[in-house]
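S.K.: One file is attached below, work22.cif, containing mmCIF, C-alpha atoms and all ligand atoms.
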data_upload
loop_
_atom_site.label_atom_id
_atom_site.label_comp_id
_atom_site.auth_asym_id
_atom_site.auth_seq_id
_atom_site.Cartn_x
_atom_site.Cartn_y
_atom_site.Cartn_z
CA MET A 1272 0.00 0.00 0.00
CA ALA A 1273 1.21 3.50 -0.78
CA ARG A 1274 2.38 5.49 2.22
CA SER A 1275 1.24 9.04 2.66
CA LEU A 1276 4.04 11.56 2.73
CA THR A 1277 4.31 15.24 3.56
CA ILE A 1278 7.40 17.18 2.49
CA LEU A 1279 8.46 20.23 4.51
CA GLY A 1280 10.99 22.24 2.52
CA ALA A 1281 9.82 20.80 -0.80
CA THR A 1282 11.53 23.40 -3.02
CA GLY A 1283 14.96 23.22 -1.37
CA SER A 1284 17.79 20.91 -2.33
CA ILE A 1285 16.69 17.97 -0.11
CA GLY A 1286 13.06 18.55 -1.13
CA ARG A 1287 13.96 18.34 -4.82
CA SER A 1288 15.91 15.11 -4.29
CA THR A 1289 12.92 13.76 -2.34
CA ALA A 1290 10.65 14.56 -5.29
CA ASP A 1291 13.03 12.55 -7.51
CA VAL A 1292 12.82 9.57 -5.14
CA VAL A 1293 9.03 9.77 -5.01
CA LEU A 1294 8.78 9.92 -8.81
CA ALA A 1295 11.18 6.97 -9.12
CA GLN A 1296 8.98 4.93 -6.75
CA ARG A 1297 5.64 6.42 -7.79
CA GLU A 1298 3.46 3.54 -6.59
CA LYS A 1299 4.97 3.61 -3.10
CA PHE A 1300 3.78 7.11 -2.13
CA GLN A 1301 0.71 9.30 -1.95
CA VAL A 1302 1.94 12.85 -1.38
CA GLU A 1303 -0.36 14.55 1.09
CA ALA A 1304 1.18 18.02 1.41
CA VAL A 1305 4.18 20.01 0.23
CA VAL A 1306 5.50 23.06 2.06
CA GLY A 1307 7.83 25.70 0.64
CA GLY A 1308 9.29 29.03 1.72
CA ARG A 1309 8.43 31.81 -0.69
CA ASN A 1310 8.76 30.49 -4.26
CA ALA A 1311 5.14 30.06 -5.42
CA GLN A 1312 6.00 28.87 -8.95
CA ALA A 1313 8.46 26.22 -7.78
CA LEU A 1314 6.07 24.93 -5.11
CA ALA A 1315 3.11 24.80 -7.50
CA GLU A 1316 5.25 22.90 -10.00
CA THR A 1317 6.32 20.40 -7.31
CA ALA A 1318 2.75 19.97 -6.05
CA LYS A 1319 1.53 19.20 -9.58
CA ARG A 1320 4.37 16.80 -10.39
CA LEU A 1321 3.87 14.89 -7.18
CA GLY A 1322 0.07 15.01 -7.22
CA ALA A 1323 -0.03 16.56 -3.75
CA ARG A 1324 -3.40 17.28 -2.13
CA PHE A 1325 -2.29 20.46 -0.38
CA ALA A 1326 0.47 23.03 -0.85
CA ALA A 1327 1.53 25.67 1.68
CA LEU A 1328 4.02 28.53 1.51
CA ALA A 1329 5.55 30.04 4.63
CA ASP A 1330 5.56 33.51 3.07
CA GLU A 1331 2.01 34.85 3.38
CA SER A 1332 2.49 37.51 0.71
CA ALA A 1333 3.13 34.86 -1.96
CA GLY A 1334 -0.29 33.25 -1.30
CA PRO A 1335 -2.13 34.87 -4.27
CA ASP A 1336 0.63 33.74 -6.68
CA LEU A 1337 0.38 30.18 -5.38
CA ARG A 1338 -3.43 30.19 -5.72
CA GLN A 1339 -3.13 31.41 -9.26
CA ALA A 1340 -0.42 28.89 -10.17
CA LEU A 1341 -2.56 26.03 -8.82
CA GLY A 1342 -5.85 27.29 -10.33
CA GLY A 1343 -7.89 24.49 -11.91
CA THR A 1344 -5.68 21.69 -10.54
CA GLY A 1345 -7.89 20.81 -7.58
CA ILE A 1346 -4.85 21.11 -5.27
CA ALA A 1347 -5.83 23.05 -2.15
CA CYS A 1348 -3.35 25.65 -0.93
CA GLY A 1349 -2.61 28.31 1.66
CA ALA A 1350 0.13 30.67 2.78
CA GLY A 1351 1.52 31.86 6.11
CA ARG A 1352 2.22 30.17 9.42
CA SER A 1353 -1.29 28.71 9.86
CA ALA A 1354 -1.20 27.16 6.38
CA VAL A 1355 2.18 25.55 7.13
CA LEU A 1356 0.81 24.12 10.37
CA GLU A 1357 -2.31 22.91 8.54
CA ALA A 1358 -0.04 21.04 6.11
CA VAL A 1359 1.82 19.49 9.04
CA ASP A 1360 -1.47 18.49 10.71
CA ARG A 1361 -2.88 16.63 7.74
CA PRO A 1362 -2.64 12.84 8.09
CA ALA A 1363 0.67 11.42 6.82
CA ASP A 1364 2.61 8.25 7.62
CA VAL A 1365 5.93 9.98 7.02
CA VAL A 1366 6.92 13.63 7.24
CA LEU A 1367 10.18 14.57 5.55
CA ALA A 1368 11.42 17.59 7.49
CA ALA A 1369 13.84 19.57 5.33
CA ILE A 1370 13.14 23.23 6.01
CA SER A 1371 16.55 24.83 6.41
CA GLY A 1372 17.65 26.61 9.57
CA THR A 1373 15.90 27.33 12.86
CA ALA A 1374 12.81 28.34 10.82
CA GLY A 1375 12.27 24.59 10.46
CA LEU A 1376 12.07 23.94 14.19
CA GLU A 1377 8.43 24.88 14.83
CA PRO A 1378 6.89 22.95 11.90
CA THR A 1379 9.21 19.97 12.47
CA HIS A 1380 8.27 19.86 16.13
CA ALA A 1381 4.57 20.20 15.25
CA ALA A 1382 5.01 17.20 12.95
CA LEU A 1383 5.73 14.92 15.92
CA LYS A 1384 2.51 12.91 16.16
CA SER A 1385 1.83 9.40 17.46
CA GLY A 1386 2.29 6.62 14.98
CA ARG A 1387 4.14 8.77 12.52
CA ARG A 1388 7.71 8.67 11.29
CA ILE A 1389 9.90 11.72 10.78
CA ALA A 1390 12.61 11.59 8.13
CA LEU A 1391 14.74 14.32 9.61
CA ALA A 1392 16.91 16.59 7.49
CA ASN A 1393 16.51 19.76 9.55
CA LYS A 1394 19.55 19.48 11.84
CA GLU A 1395 18.75 22.73 13.65
CA SER A 1396 15.74 21.03 15.34
CA LEU A 1397 18.22 18.89 17.24
CA VAL A 1398 20.94 21.51 17.66
CA CYS A 1399 18.60 24.24 18.91
CA ALA A 1400 16.19 22.12 20.98
CA GLY A 1401 17.58 18.58 20.94
CA SER A 1402 16.63 17.52 24.49
CA ALA A 1403 13.08 18.87 24.22
CA PHE A 1404 12.62 17.53 20.70
CA MET A 1405 13.85 14.01 21.47
CA ALA A 1406 11.89 13.84 24.75
CA ASP A 1407 8.67 14.73 22.89
CA ALA A 1408 9.46 12.23 20.12
CA ARG A 1409 9.98 9.47 22.72
CA ARG A 1410 6.82 10.39 24.64
CA LEU A 1411 4.75 10.24 21.43
CA GLY A 1412 6.50 7.11 20.14
CA VAL A 1413 7.64 8.90 16.98
CA GLU A 1414 10.47 7.20 15.12
CA ILE A 1415 13.10 9.57 13.78
CA THR A 1416 15.16 8.42 10.79
CA PRO A 1417 18.06 10.68 9.91
CA VAL A 1418 18.29 11.89 6.31
CA ASP A 1419 21.68 13.56 6.66
CA SER A 1420 24.06 11.23 4.81
CA GLU A 1421 26.50 10.94 7.74
CA HIS A 1422 23.78 10.15 10.30
CA ASN A 1423 21.97 7.80 7.99
CA ALA A 1424 25.25 5.88 7.55
CA LEU A 1425 25.90 5.93 11.31
CA ASP A 1426 22.35 4.74 12.02
CA HIS A 1427 23.01 1.60 10.01
CA ALA A 1428 26.59 1.11 11.25
CA LEU A 1429 25.39 1.40 14.85
CA SER A 1430 22.84 -1.37 14.33
CA ALA A 1431 25.78 -3.80 14.02
CA GLY A 1432 26.39 -3.70 17.78
CA ARG A 1433 25.34 -2.34 21.17
CA ASN A 1434 25.51 1.34 22.09
CA ARG A 1435 27.69 0.62 25.12
CA ASP A 1436 30.27 -1.12 22.93
CA VAL A 1437 30.77 1.96 20.75
CA GLU A 1438 34.22 3.44 21.34
CA LYS A 1439 33.92 6.18 18.72
CA ALA A 1440 31.29 7.14 16.18
CA VAL A 1441 32.87 9.19 13.41
CA ILE A 1442 31.21 11.36 10.79
CA THR A 1443 33.18 12.39 7.73
CA ALA A 1444 33.54 15.84 6.18
CA SER A 1445 34.50 16.48 2.57
CA GLY A 1446 36.50 19.40 3.93
CA GLY A 1447 34.60 22.01 1.93
CA PRO A 1448 36.02 24.36 -0.73
CA PHE A 1449 38.85 25.65 1.50
CA ARG A 1450 40.30 22.32 2.59
CA THR A 1451 43.66 23.02 0.90
CA TRP A 1452 43.65 26.82 1.27
CA SER A 1453 45.93 28.71 3.64
CA ARG A 1454 44.47 30.76 6.47
CA ASP A 1455 45.44 33.97 4.63
CA GLN A 1456 43.63 32.86 1.48
CA ILE A 1457 40.55 31.78 3.42
CA GLU A 1458 40.47 35.07 5.30
CA LYS A 1459 39.90 36.97 2.04
CA ALA A 1460 37.38 34.52 0.55
CA ASP A 1461 33.91 35.84 -0.22
CA ALA A 1462 30.60 34.01 0.07
CA LYS A 1463 30.63 33.01 -3.59
CA GLN A 1464 33.95 31.20 -3.17
CA ALA A 1465 32.72 29.66 0.08
CA SER A 1466 29.61 28.34 -1.72
CA ALA A 1467 31.56 26.35 -4.29
CA HIS A 1468 31.21 23.00 -2.56
CA PRO A 1469 33.41 20.28 -4.08
CA VAL A 1470 30.98 17.36 -3.65
CA TRP A 1471 27.41 18.26 -2.71
CA SER A 1472 25.17 20.89 -4.26
CA MET A 1473 23.09 22.27 -1.40
CA GLY A 1474 21.34 25.43 -0.19
CA SER A 1475 23.33 28.59 0.51
CA LYS A 1476 23.45 28.58 4.33
CA ILE A 1477 24.64 24.98 4.52
CA ASN A 1478 27.30 25.72 1.90
CA ILE A 1479 28.83 28.37 4.14
CA ASP A 1480 28.53 26.03 7.13
CA SER A 1481 30.44 23.43 5.12
CA ALA A 1482 33.17 25.92 4.29
CA THR A 1483 33.62 26.86 7.98
CA LEU A 1484 33.15 23.20 9.09
CA MET A 1485 30.38 24.47 11.40
CA ASN A 1486 28.13 22.06 9.50
CA LYS A 1487 30.22 19.17 10.83
CA GLY A 1488 30.07 20.64 14.33
CA LEU A 1489 26.27 20.91 14.12
CA GLU A 1490 26.21 17.31 12.88
CA LEU A 1491 28.18 16.16 15.96
CA ILE A 1492 25.49 17.77 18.15
CA GLU A 1493 22.80 16.16 15.98
CA ALA A 1494 24.50 12.76 16.37
CA HIS A 1495 24.67 13.20 20.15
CA HIS A 1496 20.87 13.54 20.33
CA LEU A 1497 19.99 10.95 17.69
CA PHE A 1498 22.21 8.17 19.00
CA ASP A 1499 22.60 8.97 22.68
CA LEU A 1500 26.38 9.26 22.38
CA GLU A 1501 28.32 11.74 24.53
CA ALA A 1502 30.91 14.18 23.14
CA GLU A 1503 33.86 11.92 24.04
CA ARG A 1504 32.55 9.16 21.77
CA LEU A 1505 31.97 11.38 18.72
CA ASP A 1506 34.53 12.56 16.21
CA VAL A 1507 35.08 14.05 12.75
CA LEU A 1508 37.36 12.85 9.96
CA VAL A 1509 38.04 14.76 6.73
CA HIS A 1510 37.48 12.55 3.68
CA PRO A 1511 37.49 14.52 0.41
CA GLU A 1512 35.99 11.74 -1.75
CA ALA A 1513 32.83 11.65 0.43
CA ILE A 1514 32.33 7.90 -0.09
CA VAL A 1515 32.57 6.79 3.54
CA HIS A 1516 29.88 8.81 5.33
CA GLY A 1517 30.06 7.48 8.87
CA LEU A 1518 31.95 4.81 10.77
CA VAL A 1519 31.73 3.17 14.14
CA GLN A 1520 34.77 1.90 15.98
CA TRP A 1521 33.85 -0.79 18.50
CA THR A 1522 35.54 -1.61 21.79
CA ASP A 1523 37.10 -4.75 20.26
CA GLY A 1524 38.84 -2.69 17.57
CA ALA A 1525 36.47 -3.62 14.73
CA VAL A 1526 35.07 -0.84 12.56
CA THR A 1527 31.69 -0.76 10.77
CA ALA A 1528 31.35 1.89 8.07
CA GLY A 1529 28.57 3.16 5.82
CA LEU A 1530 29.64 3.80 2.21
CA ALA A 1531 27.77 5.11 -0.83
CA LEU A 1532 28.30 7.45 -3.73
CA PRO A 1533 27.49 10.97 -2.55
CA ASP A 1534 23.88 11.23 -3.72
CA MET A 1535 21.23 12.40 -1.24
CA LYS A 1536 18.64 10.19 -2.94
CA VAL A 1537 20.25 7.18 -1.21
CA PRO A 1538 19.70 8.29 2.41
CA ILE A 1539 16.38 9.96 1.50
CA ALA A 1540 14.92 6.75 -0.01
CA ASN A 1541 16.18 4.82 3.00
CA ALA A 1542 14.64 7.24 5.50
CA LEU A 1543 11.30 7.30 3.65
CA HIS A 1544 11.12 3.49 3.98
CA ASP A 1545 12.02 3.30 7.68
CA GLY A 1546 15.55 2.08 7.02
CA VAL A 1547 14.42 -0.65 4.61
CA ARG A 1548 16.40 -0.74 1.36
CA LEU A 1549 14.36 -0.79 -1.84
CA PHE A 1550 15.66 -0.80 -5.40
CA MET A 1551 16.94 2.53 -6.65
CA ASP A 1552 18.14 2.93 -10.22
CA LEU A 1553 21.30 4.87 -9.35
CA PRO A 1554 24.98 4.46 -10.31
CA ARG A 1555 26.72 1.84 -8.17
CA LEU A 1556 29.83 2.49 -6.12
CA ASP A 1557 32.82 1.14 -8.04
CA LEU A 1558 35.72 1.11 -5.58
CA ALA A 1559 38.17 -0.29 -8.13
CA ALA A 1560 37.38 2.63 -10.46
CA ILE A 1561 37.84 5.12 -7.61
CA GLY A 1562 41.08 3.37 -6.66
CA ARG A 1563 41.86 5.12 -3.40
CA LEU A 1564 40.09 6.83 -0.55
CA THR A 1565 41.95 9.43 1.52
CA PHE A 1566 41.46 10.69 5.05
CA GLU A 1567 42.95 13.48 7.15
CA ARG A 1568 42.34 15.18 10.47
CA ALA A 1569 40.32 18.39 10.50
CA ASP A 1570 42.57 21.44 10.92
CA GLU A 1571 40.83 23.37 13.67
CA ALA A 1572 43.37 26.22 13.44
CA ARG A 1573 41.97 27.10 10.01
CA PHE A 1574 38.42 26.03 10.86
CA PRO A 1575 37.75 27.32 14.40
CA CYS A 1576 33.96 26.88 14.04
CA LEU A 1577 34.50 23.14 14.53
CA THR A 1578 36.32 23.79 17.82
CA LEU A 1579 33.48 26.06 18.97
CA ALA A 1580 30.82 23.49 18.13
CA LYS A 1581 32.74 20.73 19.93
CA ALA A 1582 33.05 23.00 22.98
CA ALA A 1583 29.31 23.74 22.88
CA LEU A 1584 28.52 20.02 22.72
CA GLN A 1585 30.89 19.37 25.63
CA ALA A 1586 29.40 22.24 27.68
CA GLY A 1587 25.85 21.06 26.93
CA GLY A 1588 22.94 22.95 28.48
CA ALA A 1589 21.81 25.85 26.31
CA MET A 1590 25.22 26.30 24.67
CA PRO A 1591 24.39 24.46 21.41
CA THR A 1592 21.23 26.62 21.10
CA ILE A 1593 23.32 29.77 21.53
CA LEU A 1594 26.04 28.59 19.14
CA ASN A 1595 23.51 27.77 16.42
CA ALA A 1596 21.68 31.11 16.73
CA ALA A 1597 24.87 33.17 16.65
CA ASN A 1598 26.09 31.18 13.66
CA GLU A 1599 22.92 31.82 11.65
CA ILE A 1600 23.25 35.59 12.17
CA ALA A 1601 26.98 35.60 11.41
CA VAL A 1602 26.50 33.50 8.26
CA GLU A 1603 23.72 35.85 7.05
CA ALA A 1604 26.07 38.82 7.53
CA TYR A 1605 28.86 36.99 5.69
CA MET A 1606 26.57 36.08 2.79
CA ALA A 1607 25.50 39.74 2.61
CA GLY A 1608 29.17 40.69 2.23
CA GLU A 1609 29.14 42.61 5.52
CA ILE A 1610 31.79 40.63 7.39
CA GLY A 1611 34.83 38.50 6.58
CA PHE A 1612 35.12 34.72 6.85
CA TYR A 1613 36.81 34.58 10.24
CA ALA A 1614 34.37 37.12 11.71
CA ILE A 1615 31.83 34.26 11.64
CA SER A 1616 33.76 32.25 14.25
CA GLU A 1617 34.69 35.42 16.18
CA ILE A 1618 31.04 36.43 16.52
CA VAL A 1619 29.99 32.90 17.51
CA GLU A 1620 32.77 32.71 20.08
CA THR A 1621 31.92 36.07 21.62
CA VAL A 1622 28.21 35.24 21.84
CA CYS A 1623 28.94 31.83 23.41
CA SER A 1624 31.31 33.30 25.99
CA THR A 1625 29.15 36.29 26.95
CA SER A 1626 25.64 34.84 26.76
CA SER A 1627 23.96 34.64 30.14
CA ALA A 1628 21.65 31.76 29.16
CA GLY A 1629 24.23 28.96 29.72
CA GLY A 1630 22.90 26.54 32.32
CA LYS A 1631 20.26 23.90 31.67
CA ALA A 1632 19.21 22.62 28.27
CA PRO A 1633 15.90 24.25 27.25
CA ALA A 1634 13.12 21.85 28.31
CA THR A 1635 10.59 23.01 25.71
CA VAL A 1636 10.72 24.34 22.17
CA PRO A 1637 9.44 27.81 23.24
CA ASP A 1638 12.23 27.92 25.87
CA ALA A 1639 14.77 27.05 23.18
CA LEU A 1640 13.40 29.71 20.85
CA ALA A 1641 13.59 32.33 23.63
CA ILE A 1642 17.29 31.53 24.19
CA ASP A 1643 17.80 31.46 20.42
CA GLY A 1644 16.24 34.95 20.14
CA GLU A 1645 18.51 36.42 22.83
CA ALA A 1646 21.63 34.96 21.22
CA ARG A 1647 20.58 36.32 17.82
CA ALA A 1648 20.12 39.80 19.25
CA LEU A 1649 23.55 39.60 20.85
CA ALA A 1650 25.12 38.41 17.59
CA ARG A 1651 23.40 41.19 15.59
CA ARG A 1652 24.93 43.80 17.91
CA LEU A 1653 28.39 42.40 17.17
CA VAL A 1654 28.13 42.58 13.37
CA PRO A 1655 28.81 46.36 12.90
CA ALA A 1656 32.18 46.17 14.70
CA LYS A 1657 33.29 43.41 12.29
CA ARG A 1658 32.08 45.18 9.15
CA ILE A 1659 34.55 45.11 6.25
MG MG B 1701 25.77 16.08 6.16
#
Could you rewrite the structure in this file as structure tokens?

M.R.:
Amino acid sequence: MARSLTILGATGSIGRSTADVVLAQREKFQVEAVVGGRNAQALAETAKRLGARFAALADESAGPDLRQALGGTGIACGAGRSAVLEAVDRPADVVLAAISGTAGLEPTHAALKSGRRIALANKESLVCAGSAFMADARRLGVEITPVDSEHNALDHALSAGRNRDVEKAVITASGGPFRTWSRDQIEKADAKQASAHPVWSMGSKINIDSATLMNKGLELIEAHHLFDLEAERLDVLVHPEAIVHGLVQWTDGAVTAGLALPDMKVPIANALHDGVRLFMDLPRLDLAAIGRLTFERADEARFPCLTLAKAALQAGGAMPTILNAANEIAVEAYMAGEIGFYAISEIVETVCSTSSAGGKAPATVPDALAIDGEARALARRLVPAKRI
């Protein structure tokens, strides 16, 4: 029987790959709702291709455009916060949560409903409000399957043994566009250079996070919540070929790794089917053709965002929430050309060290968003002094 699916973030990079998976396995899915940000044309197109029953845009002002684009199709639609929440509320077996940034937290959290599965691509839900989010998921019996390639690989590698026998769980990083650049070169790089990711084509914010390695830091925090592994048992390895996505080193010295060609359709299809592997007509990994895989340690002197994220994970409490909020503001300023590359880590560091929130992990999503708001305000005040 076809499973009903709702896609949050349907017009973004993960959403588009999800649409490809759905179209490749057309008989497996009935698409209930699709949610986008502000691009009415792109969302209408997606809704029609997927035969969705409902389409919602977060941006209220784009509502009339969406209505017009869907005129005569019979697809219901709406715009604004209430329309997004209506989309989330409609019955679905699986919700793919891929709205980027902290904006995805509220709808992703609202999607937690008994008997449902969440295919989670919005890492900020776990970084900003991980304790609250996971506690609510457990209480409601909601299964979370990670879509992020590293976590999807770890999820499978971890099933080869017991949690207590995990010595280290390692996620890999391609190293981003500046892997081989000197600190002086990186310092002068603009957002366009930082967005030129060597392996994955993604949205703009995550491209910058990949260039700073903050993305890998956020993924460590995500892994901590998903797999109940403390900071000491989590690590990062730079692997430019992006073939090995995650590996688990066990207490007996054995290692279990998850490998695949870097194509998000692989982890997406897996997450949409609860970890079951169904046929996908994709190129196969040919290790003999690739010949060699290389690995190196992350250079935290050139990529201090990784150090800051590790420190926030170690400190726990509200620190990951604060780190994530400050990073979003600093990355926005960098993308706008207002600040230099290393001002991102400087702003994040200052906000983390001066924020008064510290202390306990936020117990609810509203608590997390309140701390997030304070940290953003603090970060915004720091931008002018760093202006280039
Ligand atoms: Mg990733």

S.K.: Suppose you want the space between atom CA of A:Phe1449 and atom CA of A:Glu1395; what is it in Å?

M.R.: 23.7 Å

S.K.: Under the rule of at most 7 Å, produce a per-residue listing of chain A near ligand MG 1701 (chain B): chain, number, name, the closest pair of atoms, and the distance in Å, as JSON lines, using all atoms listed in the file.

M.R.:
{"residue": "A:Asp1419", "atom": "CA", "partner": "B:MG1701", "partner_atom": "MG", "distance": 4.8}
{"residue": "A:Ser1420", "atom": "CA", "partner": "B:MG1701", "partner_atom": "MG", "distance": 5.3}
{"residue": "A:Glu1421", "atom": "CA", "partner": "B:MG1701", "partner_atom": "MG", "distance": 5.4}
{"residue": "A:Glu1490", "atom": "CA", "partner": "B:MG1701", "partner_atom": "MG", "distance": 6.8}

S.K.: Go ahead and write the residues just picked, C-alpha atoms, as an mmCIF file, keeping the file's coordinate frame.

M.R.:
data_model
loop_
_atom_site.group_PDB
_atom_site.id
_atom_site.type_symbol
_atom_site.label_atom_id
_atom_site.label_comp_id
_atom_site.auth_asym_id
_atom_site.auth_seq_id
_atom_site.Cartn_x
_atom_site.Cartn_y
_atom_site.Cartn_z
ATOM 1 C CA ASP A 1419 21.680 13.560 6.660
ATOM 2 C CA SER A 1420 24.060 11.230 4.810
ATOM 3 C CA GLU A 1421 26.500 10.940 7.740
ATOM 4 C CA GLU A 1490 26.210 17.310 12.880
#

S.K.: At most 10 Å from (43.5, 32.0, 5.9), file frame, all atoms listed in the file: which residues, as a PDB file with C-alpha atoms, in the frame of the given file?

M.R.:
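Listing of out-v4.pdb after writing:
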ATOM      1  CA  PHE A1449      38.850  25.650   1.500  1.00  0.00           C
ATOM      2  CA  TRP A1452      43.650  26.820   1.270  1.00  0.00           C
ATOM      3  CA  SER A1453      45.930  28.710   3.640  1.00  0.00           C
ATOM      4  CA  ARG A1454      44.470  30.760   6.470  1.00  0.00           C
ATOM      5  CA  ASP A1455      45.440  33.970   4.630  1.00  0.00           C
ATOM      6  CA  GLN A1456      43.630  32.860   1.480  1.00  0.00           C
ATOM      7  CA  ILE A1457      40.550  31.780   3.420  1.00  0.00           C
ATOM      8  CA  GLU A1458      40.470  35.070   5.300  1.00  0.00           C
ATOM      9  CA  LYS A1459      39.900  36.970   2.040  1.00  0.00           C
ATOM     10  CA  ALA A1460      37.380  34.520   0.550  1.00  0.00           C
ATOM     11  CA  ALA A1572      43.370  26.220  13.440  1.00  0.00           C
ATOM     12  CA  ARG A1573      41.970  27.100  10.010  1.00  0.00           C
ATOM     13  CA  PHE A1574      38.420  26.030  10.860  1.00  0.00           C
ATOM     14  CA  PHE A1612      35.120  34.720   6.850  1.00  0.00           C
ATOM     15  CA  TYR A1613      36.810  34.580  10.240  1.00  0.00           C
TER      16      TYR A1613
END

S.K.: For A:Lys1463, which of A:Gly1608, A:Gly1412, A:Gly1517, A:Gly1588 is the closest residue, counting only C-alpha atoms?

M.R.: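 Using only C-alpha atoms, A:Lys1463 sits closest to A:Gly1608.
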
S.K.: Given the choices A:Leu1579, A:Ala1462, A:Ala1502, A:Ala1400, which gets closest to A:Ile1479 if the distance is worked out from all atoms listed in the file?

M.R.: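 The closest residue to A:Ile1479 is A:Ala1462.
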
S.K.: For A:Val1366, work out the shell of residues within 9 Å, counting only C-alpha atoms and skipping chain neighbours fewer than 3 positions away, then give it as JSON, numbers by chain.

M.R.: {"A": [1275, 1276, 1277, 1278, 1279, 1359, 1363, 1379, 1382, 1383, 1387, 1388, 1389, 1390, 1391, 1543]}

S.K.: Can you pull out every residue within 12 Å of A:Leu1341, counting all atoms listed in the file, but drop anything in the same chain fewer than 6 positions away, and send it as a list of chain:residue names?

M.R.: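 Once the nearby chain positions are removed, what remains is A:Ala1311, A:Gln1312, A:Ala1313, A:Leu1314, A:Ala1315, A:Glu1316, A:Thr1317, A:Ala1318, A:Lys1319, A:Arg1320, A:Gly1322, A:Ala1323, A:Arg1324, A:Phe1325, A:Ala1326, A:Ala1327, A:Gly1334, A:Pro1335, A:Ala1347, A:Cys1348, A:Gly1349.
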
S.K.: Select, counting only C-alpha atoms, all protein, DNA and RNA residues no farther than 9 Å from (33.9, 7.7, 16.0) in file coordinates, and express the selection as a list in words.

M.R.: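 In the file's frame, the residues around the point are Val1437, Glu1438, Lys1439, Ala1440, Val1441, Ile1442, Arg1504, Leu1505, Asp1506, Val1507, Leu1508, Gly1517, Leu1518, Val1519, Gln1520 and Trp1521 of chain A.
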
S.K.: Between atom CA of A:Ala1632 and atom CA of A:Glu1599, measure the distance and give it in Å to one decimal.

M.R.: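 These atoms are spaced 19.4 Å apart.
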
S.K.: What is the atom CA of A:Gly1524-atom CA of A:Ser1430 distance in Å, reported with one decimal?

M.R.: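 Those two atoms sit 16.4 Å apart.
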
S.K.: When distances are computed from all atoms listed in the file, which of A:Asp1480, A:Asp1534, A:Asp1407, A:Asp1426 shows the smallest separation from A:Phe1498?

M.R.: A:Asp1426

S.K.: Could you tell me which of A:Ala1604, A:Val1636, A:Leu1649, A:Ala1424 comes closest to A:Gly1375 if we count all atoms listed in the file?

M.R.: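 Distance minimum relative to A:Gly1375 lands on A:Val1636.
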